[in-house]
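Q: Here you go, run01.csv (CSV, C-alpha atoms):
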```
chain,number,residue,atom,x,y,z
E,13,MET,CA,-45.7,72.8,-104.1
E,14,ARG,CA,-44.2,75.2,-101.6
E,15,VAL,CA,-45.6,73.0,-98.8
E,16,ILE,CA,-43.9,69.9,-100.1
E,17,ALA,CA,-40.7,71.9,-100.5
E,18,ALA,CA,-40.9,73.1,-96.9
E,19,GLY,CA,-41.5,69.6,-95.6
E,20,LEU,CA,-38.6,68.3,-97.6
E,21,ALA,CA,-36.3,71.0,-96.2
E,22,VAL,CA,-37.3,70.1,-92.7
E,23,PHE,CA,-36.6,66.4,-93.4
E,24,LEU,CA,-33.2,67.2,-94.8
E,25,VAL,CA,-32.3,69.4,-91.8
E,26,VAL,CA,-33.3,66.6,-89.3
E,27,THR,CA,-31.4,64.0,-91.3
E,28,GLY,CA,-28.3,66.2,-91.3
E,29,ILE,CA,-28.5,66.7,-87.6
E,30,LEU,CA,-28.8,62.9,-87.0
E,31,PHE,CA,-25.9,62.2,-89.4
E,32,PHE,CA,-23.8,64.7,-87.6
E,33,GLN,CA,-24.5,63.2,-84.2
E,34,VAL,CA,-23.7,59.7,-85.3
E,35,SER,CA,-20.5,60.6,-87.2
E,36,SER,CA,-19.2,62.7,-84.3
E,37,GLY,CA,-19.5,59.7,-81.9
E,38,HIS,CA,-22.0,61.3,-79.5
E,39,SER,CA,-24.5,58.8,-78.1
E,40,ASP,CA,-26.9,61.4,-77.0
E,41,ALA,CA,-30.3,60.7,-78.7
E,42,VAL,CA,-32.0,63.7,-80.1
E,43,ALA,CA,-35.7,63.4,-80.7
E,44,ILE,CA,-37.2,65.8,-83.2
E,45,ALA,CA,-40.9,66.0,-83.6
E,46,VAL,CA,-42.6,67.8,-86.4
E,47,VAL,CA,-45.9,69.1,-85.2
E,48,ALA,CA,-48.2,70.5,-87.8
E,49,SER,CA,-49.8,73.8,-86.9
E,50,PRO,CA,-53.5,73.8,-86.7
E,51,GLU,CA,-53.3,76.4,-89.4
E,52,SER,CA,-52.1,73.9,-91.8
E,53,THR,CA,-55.5,72.8,-92.6
E,54,SER,CA,-56.3,73.6,-96.2
E,55,THR,CA,-59.3,76.0,-96.7
E,56,THR,CA,-60.9,77.6,-99.8
E,57,THR,CA,-62.3,81.1,-99.6
E,58,LEU,CA,-64.8,82.0,-102.4
E,59,SER,CA,-65.5,85.6,-103.2
E,60,SER,CA,-69.1,86.5,-103.0
E,61,SER,CA,-68.8,88.4,-106.2
E,62,PRO,CA,-66.3,86.6,-108.3
E,63,SER,CA,-64.6,88.5,-111.0
E,64,PRO,CA,-65.2,86.9,-114.4
E,65,THR,CA,-61.7,87.7,-115.4
E,66,GLN,CA,-59.9,86.5,-112.3
E,67,ALA,CA,-60.0,82.8,-111.5
E,68,ALA,CA,-60.8,81.9,-108.0
E,69,GLN,CA,-57.5,81.0,-106.2
E,70,PRO,CA,-57.3,78.8,-103.1
E,71,THR,CA,-55.7,80.3,-100.1
E,72,LEU,CA,-53.2,77.9,-98.5
E,73,ALA,CA,-51.9,78.1,-94.9
E,74,VAL,CA,-48.2,77.3,-94.6
E,75,PRO,CA,-47.5,74.9,-91.7
E,76,THR,CA,-45.1,76.1,-89.1
E,77,ALA,CA,-42.6,73.4,-88.1
E,78,THR,CA,-42.0,73.2,-84.3
E,79,MET,CA,-39.0,71.2,-83.2
E,80,MET,CA,-39.0,69.5,-79.7
E,81,ILE,CA,-35.6,68.2,-78.5
E,82,ALA,CA,-35.8,65.6,-75.7
E,83,PRO,CA,-33.1,65.9,-72.9
E,84,PRO,CA,-30.2,63.6,-73.4
E,85,ILE,CA,-30.2,60.2,-71.6
E,86,ALA,CA,-26.9,59.3,-70.1
E,87,THR,CA,-25.8,55.8,-70.8
E,88,ALA,CA,-22.7,54.0,-69.4
E,89,THR,CA,-20.4,52.6,-72.1
E,90,PRO,CA,-18.4,49.7,-70.7
E,91,ALA,CA,-14.6,50.0,-71.1
E,92,PRO,CA,-13.1,47.6,-73.6
E,93,VAL,CA,-11.6,44.4,-72.2
E,94,ASP,CA,-8.3,43.1,-73.4
E,95,PRO,CA,-8.7,39.3,-73.6
E,96,THR,CA,-4.9,38.9,-73.2
E,97,ALA,CA,-4.7,40.8,-69.9
E,98,PRO,CA,-4.3,38.7,-66.7
E,99,PRO,CA,-7.4,38.4,-64.5
E,100,ILE,CA,-7.8,40.9,-61.8
E,101,VAL,CA,-7.4,39.2,-58.4
E,102,THR,CA,-9.1,40.9,-55.5
E,103,GLU,CA,-7.0,40.4,-52.4
E,104,VAL,CA,-8.9,39.4,-49.4
E,105,VAL,CA,-7.3,40.5,-46.2
E,106,VAL,CA,-8.1,38.3,-43.2
E,107,GLU,CA,-7.3,39.6,-39.8
E,108,GLU,CA,-5.4,37.1,-37.8
E,109,PRO,CA,-6.6,36.5,-34.3
E,110,GLU,CA,-4.4,37.8,-31.6
E,111,VAL,CA,-2.3,35.1,-30.1
E,112,VAL,CA,-1.9,35.3,-26.4
E,113,ALA,CA,1.3,33.7,-25.1
E,114,THR,CA,0.8,31.3,-22.2
E,115,GLU,CA,3.4,29.6,-20.1
E,116,ALA,CA,4.0,26.0,-21.2
E,117,VAL,CA,3.3,23.3,-18.7
E,118,ASP,CA,5.2,20.1,-18.7
E,119,VAL,CA,2.5,17.5,-18.0
E,120,GLU,CA,5.0,14.8,-17.0
E,121,SER,CA,6.5,17.1,-14.5
E,122,VAL,CA,3.2,17.5,-12.6
E,123,VAL,CA,3.1,14.6,-10.2
E,124,GLU,CA,0.1,14.3,-7.9
E,125,VAL,CA,1.4,13.7,-4.4
E,126,PRO,CA,-0.8,11.1,-2.6
E,127,VAL,CA,-2.2,12.1,0.7
E,128,ILE,CA,-1.0,9.7,3.3
E,129,GLU,CA,-3.0,9.7,6.5
E,130,PRO,CA,-0.6,9.6,9.5
E,131,VAL,CA,-0.8,6.4,11.5
E,132,ILE,CA,-1.7,7.4,15.0
E,133,GLU,CA,-0.8,4.8,17.5
E,134,PRO,CA,-2.9,4.7,20.7
E,135,GLU,CA,-1.4,6.5,23.6
E,136,ILE,CA,-0.9,4.8,26.9
E,137,VAL,CA,-1.6,7.2,29.7
E,138,ASP,CA,-1.5,7.0,33.4
E,139,GLU,CA,-3.6,8.8,36.0
E,140,ASP,CA,-1.7,12.0,35.3
E,141,ASP,CA,-2.4,11.8,31.6
E,142,SER,CA,1.3,11.4,30.9
E,143,VAL,CA,2.5,8.9,28.3
E,144,ALA,CA,3.3,5.5,30.0
E,145,ALA,CA,5.2,2.5,28.6
E,146,LEU,CA,3.0,-0.4,27.5
E,147,ALA,CA,5.4,-2.8,29.1
E,148,ALA,CA,4.4,-1.4,32.4
E,149,VAL,CA,0.8,-2.8,32.1
E,150,GLY,CA,1.8,-5.8,34.3
E,151,VAL,CA,3.5,-6.0,37.6
E,152,SER,CA,5.8,-8.9,36.4
E,153,ASP,CA,7.7,-10.0,33.4
E,154,ALA,CA,4.8,-12.2,32.3
E,155,TRP,CA,3.9,-9.7,29.5
E,156,SER,CA,7.3,-10.0,27.9
E,157,GLY,CA,6.0,-13.2,26.2
E,158,ALA,CA,2.7,-11.8,25.1
E,159,ILE,CA,2.0,-11.1,21.4
E,160,MET,CA,2.6,-7.6,20.2
E,161,THR,CA,0.3,-6.4,17.4
E,162,PRO,CA,1.5,-4.5,14.4
E,163,ASN,CA,0.2,-1.2,15.8
E,164,GLY,CA,2.0,-1.6,19.1
E,165,GLY,CA,-0.7,-3.3,21.3
E,166,LEU,CA,-0.3,-6.4,23.4
E,167,ILE,CA,-2.6,-9.5,23.4
E,168,GLY,CA,-4.1,-10.4,26.7
E,169,MET,CA,-6.7,-13.1,27.6
E,170,VAL,CA,-9.8,-13.0,29.7
E,171,MET,CA,-9.0,-15.2,32.8
E,172,SER,CA,-12.4,-16.4,33.9
E,173,GLY,CA,-16.1,-15.6,33.9
E,174,LEU,CA,-17.0,-12.5,32.0
E,175,ALA,CA,-15.0,-9.3,31.5
E,176,ASN,CA,-17.2,-6.2,30.9
E,177,VAL,CA,-15.8,-3.7,28.5
E,178,ARG,CA,-17.0,-0.3,29.8
E,179,ALA,CA,-17.2,3.2,28.3
E,180,LEU,CA,-15.1,4.6,31.1
E,181,PRO,CA,-12.6,3.0,33.6
E,182,ALA,CA,-15.3,2.9,36.3
E,183,VAL,CA,-17.4,0.0,37.7
E,184,ASP,CA,-20.7,1.9,37.1
E,185,ALA,CA,-19.9,3.0,33.5
E,186,GLU,CA,-21.9,1.8,30.6
E,187,VAL,CA,-21.2,-1.8,29.4
E,188,ILE,CA,-20.2,-1.8,25.7
E,189,GLU,CA,-19.3,-5.5,25.3
E,190,GLU,CA,-18.9,-8.7,27.2
E,191,LEU,CA,-15.8,-10.8,26.7
E,192,GLN,CA,-15.9,-14.5,27.5
E,193,ALA,CA,-13.4,-16.5,29.4
E,194,GLY,CA,-10.4,-17.6,27.3
E,195,TRP,CA,-10.9,-14.9,24.7
E,196,PRO,CA,-7.8,-13.1,23.5
E,197,VAL,CA,-8.2,-9.3,23.6
E,198,ALA,CA,-5.9,-6.6,22.2
E,199,ILE,CA,-4.7,-4.0,24.8
E,200,TYR,CA,-3.7,-0.6,23.5
E,201,GLY,CA,-3.2,1.4,26.7
E,202,VAL,CA,-3.5,1.6,30.4
E,203,SER,CA,-5.4,4.1,32.6
E,204,ALA,CA,-6.2,4.5,36.3
E,205,GLY,CA,-9.8,4.1,37.4
E,206,ASP,CA,-12.0,2.5,40.0
E,207,ALA,CA,-10.3,-0.3,42.1
E,208,VAL,CA,-11.3,-3.8,41.2
E,209,SER,CA,-9.8,-6.7,43.2
E,210,GLU,CA,-7.2,-4.4,44.8
E,211,THR,CA,-6.0,-2.8,41.4
E,212,ASP,CA,-7.1,0.5,39.9
E,213,ILE,CA,-5.5,-0.3,36.5
E,214,TRP,CA,-7.8,-0.5,33.5
E,215,TYR,CA,-6.7,-1.6,30.1
E,216,GLN,CA,-7.8,0.3,27.0
E,217,VAL,CA,-9.3,-2.1,24.5
E,218,SER,CA,-11.2,-1.7,21.3
E,219,GLY,CA,-14.4,0.1,22.3
E,220,GLY,CA,-13.6,0.9,25.9
E,221,TYR,CA,-11.9,-0.2,29.1
E,222,VAL,CA,-11.6,-3.5,31.0
E,223,SER,CA,-10.3,-4.0,34.5
E,224,ALA,CA,-6.7,-5.4,34.6
E,225,ALA,CA,-8.0,-7.7,37.4
E,226,LEU,CA,-9.8,-9.7,34.7
E,227,VAL,CA,-7.1,-10.0,32.0
E,228,GLN,CA,-3.7,-11.8,31.9
E,229,PRO,CA,-1.0,-12.0,29.2
E,230,PHE,CA,-1.8,-14.3,26.2
E,231,VAL,CA,1.2,-16.4,25.3
E,232,PRO,CA,0.6,-18.6,22.2
E,233,ARG,CA,1.7,-22.2,22.0
E,234,GLU,CA,4.9,-23.1,20.2
E,235,PRO,CA,4.0,-24.2,16.6
E,236,ALA,CA,5.4,-27.5,15.3
E,237,THR,CA,6.5,-25.7,12.1
E,238,TYR,CA,7.0,-22.1,11.1
E,239,TYR,CA,6.2,-20.9,7.6
E,240,SER,CA,7.3,-17.9,5.6
E,241,GLY,CA,5.1,-15.0,4.9
E,242,HIS,CA,1.6,-14.6,6.3
E,243,TRP,CA,0.1,-17.7,7.8
E,244,VAL,CA,-2.2,-18.8,10.6
E,245,ASP,CA,-1.9,-21.5,13.3
E,246,VAL,CA,-5.3,-22.9,14.4
E,247,ASP,CA,-5.1,-24.2,17.9
E,248,LEU,CA,-8.0,-26.6,18.4
E,249,THR,CA,-7.2,-27.1,22.1
E,250,GLY,CA,-7.5,-23.5,23.0
E,251,ASN,CA,-9.9,-22.6,20.1
E,252,VAL,CA,-7.8,-19.7,19.0
E,253,ALA,CA,-6.2,-18.7,15.7
E,254,VAL,CA,-2.8,-17.0,15.8
E,255,ALA,CA,-1.6,-14.9,12.9
E,256,TYR,CA,2.1,-15.1,12.1
E,257,ILE,CA,4.5,-13.2,9.8
E,258,ASP,CA,7.3,-15.7,9.4
E,259,ASP,CA,8.1,-16.8,13.0
E,260,ILE,CA,6.6,-13.8,14.7
E,261,PRO,CA,3.0,-13.9,16.1
E,262,VAL,CA,1.1,-10.6,15.4
E,263,ASN,CA,-2.5,-11.3,16.4
E,264,ALA,CA,-4.7,-13.9,18.1
E,265,VAL,CA,-8.5,-14.3,18.0
E,266,VAL,CA,-11.1,-16.6,19.4
E,267,ILE,CA,-12.7,-19.2,17.1
E,268,ILE,CA,-15.4,-21.9,16.9
E,269,SER,CA,-14.0,-25.2,15.6
E,270,GLY,CA,-15.6,-28.4,14.4
E,271,LYS,CA,-17.7,-30.5,16.7
E,272,PRO,CA,-17.4,-34.3,17.0
E,273,GLY,CA,-18.4,-35.9,13.7
E,274,PHE,CA,-17.6,-32.6,11.9
E,275,GLU,CA,-14.0,-32.1,13.1
E,276,THR,CA,-11.8,-29.4,11.5
E,277,PRO,CA,-9.3,-31.3,9.4
E,278,ILE,CA,-5.9,-31.4,11.2
E,279,GLY,CA,-2.7,-30.8,9.2
E,280,GLU,CA,-1.1,-28.3,6.9
E,281,HIS,CA,-3.4,-26.6,4.3
E,282,THR,CA,-3.3,-23.7,2.0
E,283,ILE,CA,-6.0,-21.3,1.0
E,284,PHE,CA,-7.2,-22.0,-2.5
E,285,ALA,CA,-10.4,-20.0,-2.9
E,286,ARG,CA,-11.8,-16.8,-1.4
E,287,VAL,CA,-15.4,-15.5,-1.5
E,288,GLU,CA,-16.1,-12.1,0.1
E,289,SER,CA,-19.8,-12.9,0.6
E,290,GLU,CA,-21.7,-16.0,-0.2
E,291,THR,CA,-24.5,-18.4,0.9
E,292,LEU,CA,-23.4,-21.5,2.8
E,293,ASP,CA,-25.7,-24.5,2.1
E,294,SER,CA,-24.8,-27.8,3.7
E,295,ALA,CA,-26.5,-29.6,0.8
E,296,THR,CA,-23.5,-28.7,-1.3
E,297,VAL,CA,-21.2,-30.7,1.0
E,298,GLY,CA,-23.4,-33.8,1.6
E,299,THR,CA,-25.9,-32.8,4.3
E,300,PRO,CA,-29.2,-32.5,2.5
E,301,GLN,CA,-32.3,-30.5,3.5
E,302,GLY,CA,-34.3,-32.3,6.1
E,303,ASP,CA,-31.2,-33.7,7.8
E,304,PRO,CA,-30.9,-32.5,11.5
E,305,GLU,CA,-27.5,-31.1,10.7
E,306,TYR,CA,-28.7,-29.2,7.6
E,307,TYR,CA,-27.9,-25.5,7.5
E,308,TYR,CA,-28.5,-22.7,5.0
E,309,LEU,CA,-26.7,-19.4,5.8
E,310,PRO,CA,-27.0,-16.5,3.4
E,311,ASP,CA,-24.5,-13.6,3.1
E,312,VAL,CA,-21.7,-15.1,5.0
E,313,PRO,CA,-18.7,-12.7,4.8
E,314,HIS,CA,-15.0,-13.3,4.3
E,315,THR,CA,-15.0,-17.0,3.4
E,316,GLN,CA,-11.5,-18.5,2.7
E,317,TYR,CA,-11.4,-22.2,1.7
E,318,PHE,CA,-8.4,-24.2,2.8
E,319,ALA,CA,-9.5,-27.9,2.6
E,320,ALA,CA,-11.7,-30.0,0.3
E,321,GLY,CA,-15.2,-30.7,1.6
E,322,GLY,CA,-16.1,-27.0,2.2
E,323,PHE,CA,-13.8,-26.3,5.1
E,324,ALA,CA,-13.1,-22.6,5.4
E,325,ILE,CA,-12.3,-19.7,7.6
E,326,HIS,CA,-15.3,-17.3,7.7
E,327,ALA,CA,-17.3,-15.0,9.8
E,328,ASN,CA,-20.1,-16.2,12.1
E,329,TYR,CA,-23.1,-13.9,12.8
E,330,TRP,CA,-25.6,-16.6,13.9
E,331,SER,CA,-24.0,-18.1,17.0
E,332,ASP,CA,-24.3,-16.8,20.6
E,333,PRO,CA,-21.2,-15.1,22.0
E,334,TRP,CA,-20.7,-17.9,24.6
E,335,GLU,CA,-20.2,-20.4,21.8
E,336,PHE,CA,-17.0,-18.7,20.6
E,337,GLY,CA,-14.1,-20.6,22.2
E,338,SER,CA,-15.8,-24.0,21.7
E,339,ALA,CA,-16.1,-26.8,19.2
E,340,THR,CA,-19.6,-26.5,17.8
E,341,SER,CA,-19.2,-25.8,14.1
E,342,HIS,CA,-19.6,-28.2,11.1
E,343,GLY,CA,-15.8,-28.2,10.6
E,344,CYS,CA,-15.1,-24.6,9.5
E,345,VAL,CA,-13.1,-22.1,11.5
E,346,ASN,CA,-15.7,-19.6,12.6
E,347,MET,CA,-14.6,-16.1,13.8
E,348,LEU,CA,-16.3,-13.0,15.0
E,349,GLU,CA,-17.1,-10.7,12.1
E,350,GLU,CA,-14.4,-8.1,12.9
E,351,ASP,CA,-11.8,-10.8,13.3
E,352,ALA,CA,-12.8,-12.5,10.1
E,353,ALA,CA,-12.4,-9.2,8.3
E,354,TRP,CA,-8.9,-8.8,9.8
E,355,PHE,CA,-7.8,-12.2,8.6
E,356,TRP,CA,-9.4,-11.6,5.1
E,357,SER,CA,-6.9,-8.7,4.8
E,358,PHE,CA,-4.1,-10.6,6.3
E,359,LEU,CA,-4.3,-13.9,4.3
E,360,ASP,CA,-4.5,-14.6,0.6
E,361,ILE,CA,-4.5,-17.4,-1.9
E,362,GLY,CA,-1.6,-19.7,-1.0
E,363,SER,CA,-1.4,-18.7,2.6
E,364,VAL,CA,-0.8,-21.6,5.0
E,365,VAL,CA,-3.4,-22.7,7.5
E,366,SER,CA,-1.9,-25.0,10.0
E,367,VAL,CA,-4.5,-26.9,12.1
E,368,GLY,CA,-3.6,-28.9,15.2
```
Write the structure described by the file as structure tokens, please.
A:
Amino acid sequence: MRVIAAGLAVFLVVTGILFFQVSSGHSDAVAIAVVASPESTSTTTLSSSPSPTQAAQPTLAVPTATMMIAPPIATATPAPVDPTAPPIVTEVVVEEPEVVATEAVDVESVVEVPVIEPVIEPEIVDEDDSVAALAAVGVSDAWSGAIMTPNGGLIGMVMSGLANVRALPAVDAEVIEELQAGWPVAIYGVSAGDAVSETDIWYQVSGGYVSAALVQPFVPREPATYYSGHWVDVDLTGNVAVAYIDDIPVNAVVIISGKPGFETPIGEHTIFARVESETLDSATVGTPQGDPEYYYLPDVPHTQYFAAGGFAIHANYWSDPWEFGSATSHGCVNMLEEDAAWFWSFLDIGSVVSVG
């Protein structure tokens, strides 16, 4: 009975402690364990000589209660949240990049200045290397009627035979080119050199020097009509083409004109088509393959058509030099390649080609 009373007492104590913890608001958990002592085992001791007057009484061991309290475990209790409170906004601070001030540039004010190559006109020097007047290339006033080129040269003409263009104003210098009789030639200066036919004057021409003894002034014929702008007078008698700006001649070159039966059409024409490079095939103008006069010429440069039937001004790379200055073409006005290139730049659609 006492054992039951003791156990009940321990239960009441533990219950009281727990009630106190809960009522006081502490959340620390207290664990209480009741461990029975090994002595609590019930045993009966019998006397070896029991007394008849005394009843045998059992001997009981009273258990000893041992209380073990576990250490408190800390727990976080969240703070109450007021549903009416505004939400907490966390401010994010973004560091602005550093702005480096630069000088503003007005794009429209920056104007690229084109580089203009200076035009260097050929100098005319005498034997002392001093500048001479181009008008002094002749010993008479004959050069006053010669054509003056846009860059200040004068147009002369080979008088007869061949005129050798040499690398230096000397009779034994390297021959650069041969000029045929009647060919116009542009003269850009005068130098002293070896004597030829009692004159030591040499003319500076494109590529070298030619003796003044072989060249005379070129004076063009008087055209029947002058035209405005850039135009060309084709002289079938002299087989030369003279370039004009209004009424002023500015250049003259040798040509090949049409042979009998294929004459270059006489009259006033205008350029209506230009092809920088093309194949000339006589089959397209009525002379078929197999005909003795058939021709097929690829890559002909600087073709400028001025009359129906395929008549044009163009370069000629297939004829021998001696043929220039003659009438041996199929009606076109043939020019040396460098001269055809010059007229390609000088003329345009609508330019007049006067043939006579």
Q: Kindly indicate which residue among E:Gly337, E:Pro313, E:Pro235, E:Gly302 lies nearest to E:Val265, using only C-alpha atoms for the distances.
A: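 Closest candidate: E:Gly337.
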Q: Leaving out E:Phe336 and any residue of its chain fewer than 2 positions from it, which residues lie within 6 Å of it when counting only C-alpha atoms, given as a list of chain:residue names?
A: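 Once the adjacent positions are removed, what remains is E:Ile267, E:Ile268, E:Pro333, E:Trp334, E:Ser338.
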Q: Using only C-alpha atoms, please write the residues we just selected to a file, as a PDB file, in the coordinates of the input.
A:
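Produced file again-v2.pdb, reproduced below:
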```
ATOM      1  CA  ILE E 267     -12.700 -19.200  17.100  1.00  0.00           C
ATOM      2  CA  ILE E 268     -15.400 -21.900  16.900  1.00  0.00           C
ATOM      3  CA  PRO E 333     -21.200 -15.100  22.000  1.00  0.00           C
ATOM      4  CA  TRP E 334     -20.700 -17.900  24.600  1.00  0.00           C
ATOM      5  CA  SER E 338     -15.800 -24.000  21.700  1.00  0.00           C
TER       6      SER E 338
END
```
Q: In terms of the shortest atom-to-atom distance over all atoms listed in the file, which of E:Gln228, E:Ser269, E:Thr276, E:Ser331 is closest to E:Ala175?
A: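 Looking only at the distances to E:Ala175, the closest residue turns out to be E:Gln228.
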Q: Point out the residue among E:Ile159, E:Ala353, E:Val364, E:Leu292 with the least atom-to-atom distance to E:Tyr239, counting only C-alpha atoms.
A: E:Val364
Q: Within 9 Å of (-12.4, -30.9, 16.5) in the file's own coordinates, which protein, DNA or RNA residues have an atom, counting all atoms listed in the file? List them as number ranges by chain.
A: E: 248-249, 269-278, 339-341, 343
Q: Please, what distance in Å, to one decimal, runs between atom CA of E:Asp351 and atom CA of E:Val365?
A: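 About the pair atom CA of E:Asp351 and atom CA of E:Val365: they are 15.7 Å apart.
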Q: E:Asn176, E:Ser156, E:Thr282, E:Ser240: which is nearest E:Val367, counting all atoms listed in the file?
A: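 For E:Val367, the nearest of the given residues is E:Thr282.
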Q: Taking only C-alpha atoms into account, name the residue in E:Ala255, E:Met171, E:Ala264, E:Ala225 that is nearest to E:Ser209.
A: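 Distance minimum relative to E:Ser209 lands on E:Ala225.
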Q: Choose the residue, out of E:Glu290, E:Asp184, E:Asp206, E:Glu350, that has the smallest atom-to-atom separation from E:Gln316; count only C-alpha atoms.
A: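 Using only C-alpha atoms, E:Gln316 sits closest to E:Glu290.
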Q: Please, what distance in Å, to one decimal, runs between atom CA of E:Asp259 and atom CA of E:Ser363?
A: 14.2 Å
Q: Excluding E:Tyr200 and its own-chain neighbours fewer than 2 positions away, which residues fall within 6 Å of it when counting all atoms listed in the file? Please give them as a count of residues only.
A: 3
Q: Grab the atom CA of E:Gly201 to atom CA of E:Gly168 distance for me, in Å with one decimal place.
A: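 Pair atom CA of E:Gly201 / atom CA of E:Gly168 returns 11.8 Å.
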